[in-house]
Amino acid sequence: MPHLDVLYRMACSVCAGGDHAKDVAQEAFIKALRGFGNFTPGSNGRSWLARIVHNTCRDHWRQLRARPEDQWDADADWAVENTLADPDWEPEIIRNAFSADLDRALQQLPPLWRAGLLLVDVEGWPYEEAAASLEIPLGTLRSGLHRARRRLYRLLSEPQDETQLRREGA
Amino acid sequence: MSHPTALCPIIHDDPRGDTWTPEHAAHASRCPHCRRFLAGVEAMGGRLKDLPRYSAAIPAGLRATLESHLEAATTPPSIPRQIPGSAGRRSFRRWGQALIPVAMAASLVLGVLLDRQGVFRSGQTSGQVARTLGDYILDVTHDHYLFAQLDNSLEVRMNDPAALTRWLEGSLHFSPDLPAGTPDFVLEGGRVWHTVNRLSALAAYATPDGNEAILFAVPAEGLTPGDMGFRIVRGHRVYHGEGWEREALVWIEGDLALALVAPRGHLPATWADLFLRED
């Protein structure tokens with residue numbers, strides 16, 4: 001069941017803990033079974049399922065979010081990100097980052113963009129399919145992903161001195 | 001440091017090059033700023049792929065449960081027919097003709113090849129994930145909410161508790177001892193479910209005000225009270241919690257954790273008479 005694995009990862013990417021991801025996957029699958037009459041034969045089944053998972057994830061997230069001001073697609077720092085200059089990327093910073101730091105940085109992205117990065121950068125879905133699955137315009141997906149990558153990079157590169165010191169001190 | 005040009009934003013918005021013209025491609029190949037960016041994005045994708053949350057496969061227990069939903073929708077209800085007094089699978093009857101072709105098509109979309117050997121069974125007899133009763137209350141109240149949203153809590157409709165218990169035992173490694181109904185709690189049927197990494201037995205009881213109280217039974221192993229307070233009712237420690245506009249009462253009986261869930265304020269006061277056995 002290749003789609004189920006991807007859809008489960010989508011739930012994992014958004015949900016804080018694995019247990020909620022399982023709940024979401026289960027709920028989404030049942031919704032898919034119940035709503036299959038709305039599926040148009042010949043259209044993209046994977047994207048249709050991903051849309052159901054995405055909507056289910058969003059509903060869960062709204063119920064459980066820690067701060068009411070946080071949005072599914074943006075948080076307080078999201079607008080600020082757009083005003084910052086593009087960093088001059090150093091790929092080594094990413095290659096040498098600790099996985100825990102990368103995961104922590106990932107968790108600081110709004111959930112929509114965690115799911116977007118999964119579909120596009122990890123699973124390699126076409127932009128059009130990912131945009132349809134996340135129910136956002138193509139241009140929004142592209143610019144949002146750019147911002148998400150940039151923020152990830154920034155979060156990884158900012159504490160580098162401290163990380164370096166930790167390593168050297170070890 | 002390199003200096004970004006007017007073409008750089010186009011490359012950064014579309015690092016995969018789907019919208020690039022030859023001019024963009026030429027720029028990307030010679031601009032050091034863009035080359036480092038593209039190498040960084042590629043490295044980031046590779047690192048993300050290795051993160052547990054981005055590389056996880058669906059857990060076997062959950063996969064089996066999801067397959068069982070498909071199984072239930074695509075095959076005749078053989079299990080209830082083997083049990084005297086059963087009224088057949090409600091889910092099959094209700095979804096019936098509409099859902100069978102739908103689920104068959106769904107299985108094609110999903111790429112599902114059902115392994116009919118062992119589907120709906122679980123070897124999960126130990127090693128339950130550690131969880132507090134507070135978490136568990138959120139889990140079961142959410143499940144109750146979900147069933148209400150779906151208008152479908154039953155996998156099988158049975159009002160004979162012994163027959164329902166046998167039916168549940170057929171899919172579980174534990175045996176929930178279900179009480180018979182009363183006018184306040186009319187036994188409707190049950191379901192095998194997956195409550196956060198634990199196979200669970202559910203029995204649904206209709207209450208006089210038209211609501212549904214659901215009794216969940218899961219192995220108690222790995223469930224800890226945390227800092228929850230409790231009341232002693234008929235010799236049992238009963239924990240009370242709320243979530244999803246529902247309330248849950250949880251107690252331990254033998255090696256099972258039992259949870260009775262109903263919409264907030266709609267649990268008949270006689271619940272203890274029916275569900276709590278004197279220690």
# chains A, B, ... in the order shown; residues from 1 in each chain; ligands from 1
>>> residues_around(residues="stretch 18-22 of chain A", least_positions_apart="3", cutoff="12 Å", atoms="only C-alpha atoms", output="count of residues only")
54
>>> closest_residue(among="A:Trp78, A:Trp72, A:Trp89, A:Phe98", to="chain B", atoms="only C-alpha atoms")
A:Trp89
>>> residues_around(residues="A:Ser143", least_positions_apart="2", cutoff="12 Å", atoms="only C-alpha atoms", output="list in words")
Trp78, Glu81, Asn82, Trp113, Gly116, Leu117, Tyr127, Ala131, Ile136, Pro137, Leu138, Gly139, Thr140, Leu141, Leu145, His146, Arg147, Ala148, Arg149 and Arg150 of chain A; Pro9, Ile10, Ile11, His12, Asp13, Asp14 and Pro15 of chain B
>>> residues_around(residues="A:Arg104", least_positions_apart="6", cutoff="10 Å", atoms="only C-alpha atoms", output="count of residues only")
4
